[in-house]
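> Input: one structure, supplied below.
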Amino acid sequence: MSEGCTHNCESCPSNCAERTAVQDMHVQPHDLSQIKKVIGVVSGKGGVGKSLVTAMSAVLSSKKGYKTAILDADITGPSIPKMFGLHEKAQQNEDGLLPVQTKGGIEVMSLNLLMENETDPVIWRGPVIAGVVTQFWTDVIWGDVDFMFVDMPPGTGDVPLTVFQSIRTDGIIVVTSPQDLVSMIVEKAVNMAKMMDIPILGVVENYSYVECPDCGKKINIFGESRIDEIAAAKGLKVLGKIPMKQTVAQKCDKGEIEDCKGCHIKAVGELLDEMAKEK
């Protein structure tokens, strides 16, 4: 620290140790919350099935016996409650907000669980949305949680930045599709994670193929998948390839995602077991 320091780094030309030291901006969760691992589910663009992967990962985690929660940070497009058939409003007590539990025991907090009407649009600016996400972390009584999945909004804007800066994230899962844009989508998410110094746990490809109901042949609607090639080039794991299935869409629409049969992201389960062993 230089002599006569005013402690105002913005106007100070000196590059002293105090100025260059990296400050930890992470905030603590609610005092009554004990959250062991936080996994962000991200995508470089919208419409690739990020919320579906969040829900499927949480269901898989819960069925493996882990205490599981979902923080729905996709404030302007909160689809998590609908997938789980949640329509009741979140309650609160003198200590804070209480998450709503799915029939399988997954704890969920989403803006749709606080609004009077589920279909009301959220016409807020970025800083306000980011503030709400932070409150979901600090003001909600999550209790004991082994794995929390954060359904992130698409892209690399205010909210993803706030989540990564405010919530200590143990890793992210990148969701993409087999279209030609896949390389750019993955690149955006990977670059942001690197800039924020957050581990990339792997990649999940959605809309991977359609399976013929008669012969079982896999049909690549969007062309041949390049996810293995792209993941290998970046040293990433492919955690799953989810096909386009009418039954899955129907279960999501009915709020019965927990009843879906079969799992196309088994590698996510293996990943969770590995992370659970870490201290």
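Letters for chains follow the order of the structure tokens (A, B, ...), residue numbers begin at 1 for each chain, and ligand numbers begin at 1 in the order shown.
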Can you list every residue of region 120-235 of chain A that has an atom at most 6 Å from region 29-51 of chain A, with its nearest atom pair and the distance in Å to one decimal, using only C-alpha atoms, ordered by chain then number, as a Markdown table?

| residue | atom | partner | partner_atom | distance |
| --- | --- | --- | --- | --- |
| A:Trp137 | CA | A:Pro29 | CA | 5.4 |
| A:Thr138 | CA | A:Pro29 | CA | 4.4 |
| A:Asp139 | CA | A:His30 | CA | 5.6 |
| A:Ile141 | CA | A:Ser33 | CA | 5.7 |
| A:Trp142 | CA | A:Ser33 | CA | 5.0 |
| A:Gly143 | CA | A:Ser33 | CA | 4.2 |
| A:Asp144 | CA | A:Gln34 | CA | 4.7 |
| A:Val145 | CA | A:Ile35 | CA | 4.7 |
| A:Asp146 | CA | A:Lys36 | CA | 5.1 |
| A:Phe147 | CA | A:Lys37 | CA | 4.9 |
| A:Met148 | CA | A:Val38 | CA | 4.8 |
| A:Phe149 | CA | A:Ile39 | CA | 4.9 |
| A:Val150 | CA | A:Gly40 | CA | 4.7 |
| A:Asp151 | CA | A:Val41 | CA | 5.4 |
| A:Met152 | CA | A:Val42 | CA | 5.5 |
| A:Pro154 | CA | A:Gly46 | CA | 5.1 |
| A:Gly155 | CA | A:Gly44 | CA | 4.7 |
| A:Thr169 | CA | A:Val38 | CA | 5.1 |
| A:Asp170 | CA | A:Val38 | CA | 5.4 |
| A:Gly171 | CA | A:Ile39 | CA | 5.2 |
| A:Ile172 | CA | A:Gly40 | CA | 4.5 |
| A:Ile173 | CA | A:Val41 | CA | 4.9 |
| A:Val174 | CA | A:Val42 | CA | 5.1 |
| A:Val175 | CA | A:Ser43 | CA | 5.2 |
| A:Thr176 | CA | A:Val48 | CA | 5.7 |
| A:Ser177 | CA | A:Val48 | CA | 6.0 |
| A:Ile185 | CA | A:Gly44 | CA | 4.4 |
| A:Lys188 | CA | A:Gly44 | CA | 5.6 |
| A:Ala189 | CA | A:Gly44 | CA | 5.3 |
> One decimal, in Å: what's the spacing between CA of Cys212 (chain A) and CA of Pro243 (chain A)?
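Pair CA of Cys212 (chain A) / CA of Pro243 (chain A) returns 11.0 Å.
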> Could you check the closest approach to Cys263 (chain A) for each of A:Pro99, A:Pro127, A:Gly240, A:Gly65 and tell me which residue wins, using only C-alpha atoms?
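Checking each of A:Pro99, A:Pro127, A:Gly240, A:Gly65 against Cys263 (chain A), counting only C-alpha atoms, the winner is A:Gly240.
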> Between A:Val268, A:Leu113, A:Lys194, A:Pro199, single out the one closest to Ala90 (chain A), counting only C-alpha atoms.
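Of A:Val268, A:Leu113, A:Lys194, A:Pro199, the one nearest Ala90 (chain A) is A:Leu113, counting only C-alpha atoms.
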> Pick out the closest residue to Gln28 (chain A) from this set: A:Ile167, A:Leu52, A:Ala73, A:Leu114. Count only C-alpha atoms.
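Comparing A:Ile167, A:Leu52, A:Ala73, A:Leu114 against Gln28 (chain A), the winner is A:Ile167.
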> Using DSSP on the backbone coordinates, identify all residues within region 19-263 of chain A classified as helix (DSSP H, G or I); present the result as a PyMOL selection string.
chain A and resi 19-20+50-63+80-83+111-113+126-138+158-166+182-195+227-234+246-254+257-259
> Since we have the selection now, will you write its residues out, keeping C-alpha atoms, as an mmCIF file, in the first residue's frame?

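Printed below is again_22.cif as written:
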data_model
loop_
_atom_site.group_PDB
_atom_site.id
_atom_site.type_symbol
_atom_site.label_atom_id
_atom_site.label_comp_id
_atom_site.auth_asym_id
_atom_site.auth_seq_id
_atom_site.Cartn_x
_atom_site.Cartn_y
_atom_site.Cartn_z
ATOM 1 C CA ARG A 19 -5.393 -3.343 -5.610
ATOM 2 C CA THR A 20 -4.465 -6.441 -7.583
ATOM 3 C CA LYS A 50 -31.341 -26.502 -20.779
ATOM 4 C CA SER A 51 -34.306 -26.689 -18.404
ATOM 5 C CA LEU A 52 -35.025 -30.261 -19.492
ATOM 6 C CA VAL A 53 -31.453 -31.290 -18.682
ATOM 7 C CA THR A 54 -31.695 -29.477 -15.337
ATOM 8 C CA ALA A 55 -34.892 -31.334 -14.469
ATOM 9 C CA MET A 56 -33.612 -34.727 -15.657
ATOM 10 C CA SER A 57 -30.343 -34.287 -13.750
ATOM 11 C CA ALA A 58 -32.213 -33.347 -10.569
ATOM 12 C CA VAL A 59 -34.546 -36.336 -10.921
ATOM 13 C CA LEU A 60 -31.575 -38.638 -11.444
ATOM 14 C CA SER A 61 -29.856 -37.151 -8.393
ATOM 15 C CA SER A 62 -32.957 -37.596 -6.248
ATOM 16 C CA LYS A 63 -33.495 -41.194 -7.362
ATOM 17 C CA ILE A 80 -39.161 -25.867 -14.121
ATOM 18 C CA PRO A 81 -42.389 -25.659 -12.050
ATOM 19 C CA LYS A 82 -44.505 -26.791 -15.018
ATOM 20 C CA MET A 83 -42.276 -29.809 -15.671
ATOM 21 C CA LEU A 111 -40.353 -16.927 -9.728
ATOM 22 C CA ASN A 112 -43.481 -18.687 -10.998
ATOM 23 C CA LEU A 113 -43.969 -20.007 -7.460
ATOM 24 C CA GLY A 126 -31.111 -7.244 -15.981
ATOM 25 C CA PRO A 127 -29.936 -5.902 -12.596
ATOM 26 C CA VAL A 128 -33.380 -6.490 -11.051
ATOM 27 C CA ILE A 129 -33.524 -10.051 -12.377
ATOM 28 C CA ALA A 130 -30.003 -10.707 -11.124
ATOM 29 C CA GLY A 131 -31.000 -9.400 -7.695
ATOM 30 C CA VAL A 132 -33.911 -11.837 -7.504
ATOM 31 C CA VAL A 133 -31.627 -14.757 -8.338
ATOM 32 C CA THR A 134 -29.257 -13.743 -5.540
ATOM 33 C CA GLN A 135 -32.201 -13.579 -3.142
ATOM 34 C CA PHE A 136 -33.171 -17.122 -4.099
ATOM 35 C CA TRP A 137 -29.753 -18.080 -2.747
ATOM 36 C CA THR A 138 -29.648 -15.887 0.362
ATOM 37 C CA ASP A 158 -26.172 -10.151 -16.392
ATOM 38 C CA VAL A 159 -27.811 -13.116 -14.663
ATOM 39 C CA PRO A 160 -25.232 -15.814 -15.487
ATOM 40 C CA LEU A 161 -22.503 -13.353 -14.489
ATOM 41 C CA THR A 162 -24.253 -12.591 -11.180
ATOM 42 C CA VAL A 163 -24.780 -16.277 -10.415
ATOM 43 C CA PHE A 164 -21.149 -17.165 -11.041
ATOM 44 C CA GLN A 165 -19.898 -14.178 -9.051
ATOM 45 C CA SER A 166 -22.324 -14.574 -6.150
ATOM 46 C CA VAL A 182 -23.119 -26.220 -31.829
ATOM 47 C CA SER A 183 -19.454 -25.237 -31.971
ATOM 48 C CA MET A 184 -20.223 -21.586 -31.323
ATOM 49 C CA ILE A 185 -22.703 -22.449 -28.553
ATOM 50 C CA VAL A 186 -20.206 -24.608 -26.721
ATOM 51 C CA GLU A 187 -17.424 -22.091 -27.292
ATOM 52 C CA LYS A 188 -19.399 -19.261 -25.666
ATOM 53 C CA ALA A 189 -20.273 -21.287 -22.571
ATOM 54 C CA VAL A 190 -16.774 -22.725 -22.260
ATOM 55 C CA ASN A 191 -15.112 -19.331 -22.567
ATOM 56 C CA MET A 192 -17.364 -17.797 -19.921
ATOM 57 C CA ALA A 193 -16.676 -20.677 -17.522
ATOM 58 C CA LYS A 194 -12.942 -20.264 -18.035
ATOM 59 C CA MET A 195 -13.134 -16.527 -17.452
ATOM 60 C CA ILE A 227 -20.541 -33.293 -30.218
ATOM 61 C CA ASP A 228 -17.962 -36.058 -29.664
ATOM 62 C CA GLU A 229 -15.497 -34.327 -31.961
ATOM 63 C CA ILE A 230 -16.035 -30.887 -30.438
ATOM 64 C CA ALA A 231 -15.926 -32.184 -26.862
ATOM 65 C CA ALA A 232 -12.719 -34.109 -27.541
ATOM 66 C CA ALA A 233 -11.090 -31.022 -29.038
ATOM 67 C CA LYS A 234 -11.814 -29.097 -25.840
ATOM 68 C CA GLN A 246 -42.873 -37.592 -27.761
ATOM 69 C CA THR A 247 -43.323 -39.319 -24.416
ATOM 70 C CA VAL A 248 -40.793 -37.003 -22.750
ATOM 71 C CA ALA A 249 -42.540 -33.910 -24.157
ATOM 72 C CA GLN A 250 -45.882 -35.237 -22.931
ATOM 73 C CA LYS A 251 -44.537 -35.912 -19.447
ATOM 74 C CA CYS A 252 -43.115 -32.387 -19.256
ATOM 75 C CA ASP A 253 -46.403 -30.852 -20.385
ATOM 76 C CA LYS A 254 -48.299 -32.876 -17.782
ATOM 77 C CA ILE A 257 -41.005 -35.343 -15.501
ATOM 78 C CA GLU A 258 -40.264 -37.501 -12.453
ATOM 79 C CA ASP A 259 -42.178 -40.382 -14.061
#
> With distances taken over only C-alpha atoms, which residue among A:Ile75, A:Ile70, A:Met25, A:Val140 lies nearest Asp95 (chain A)?
A:Val140
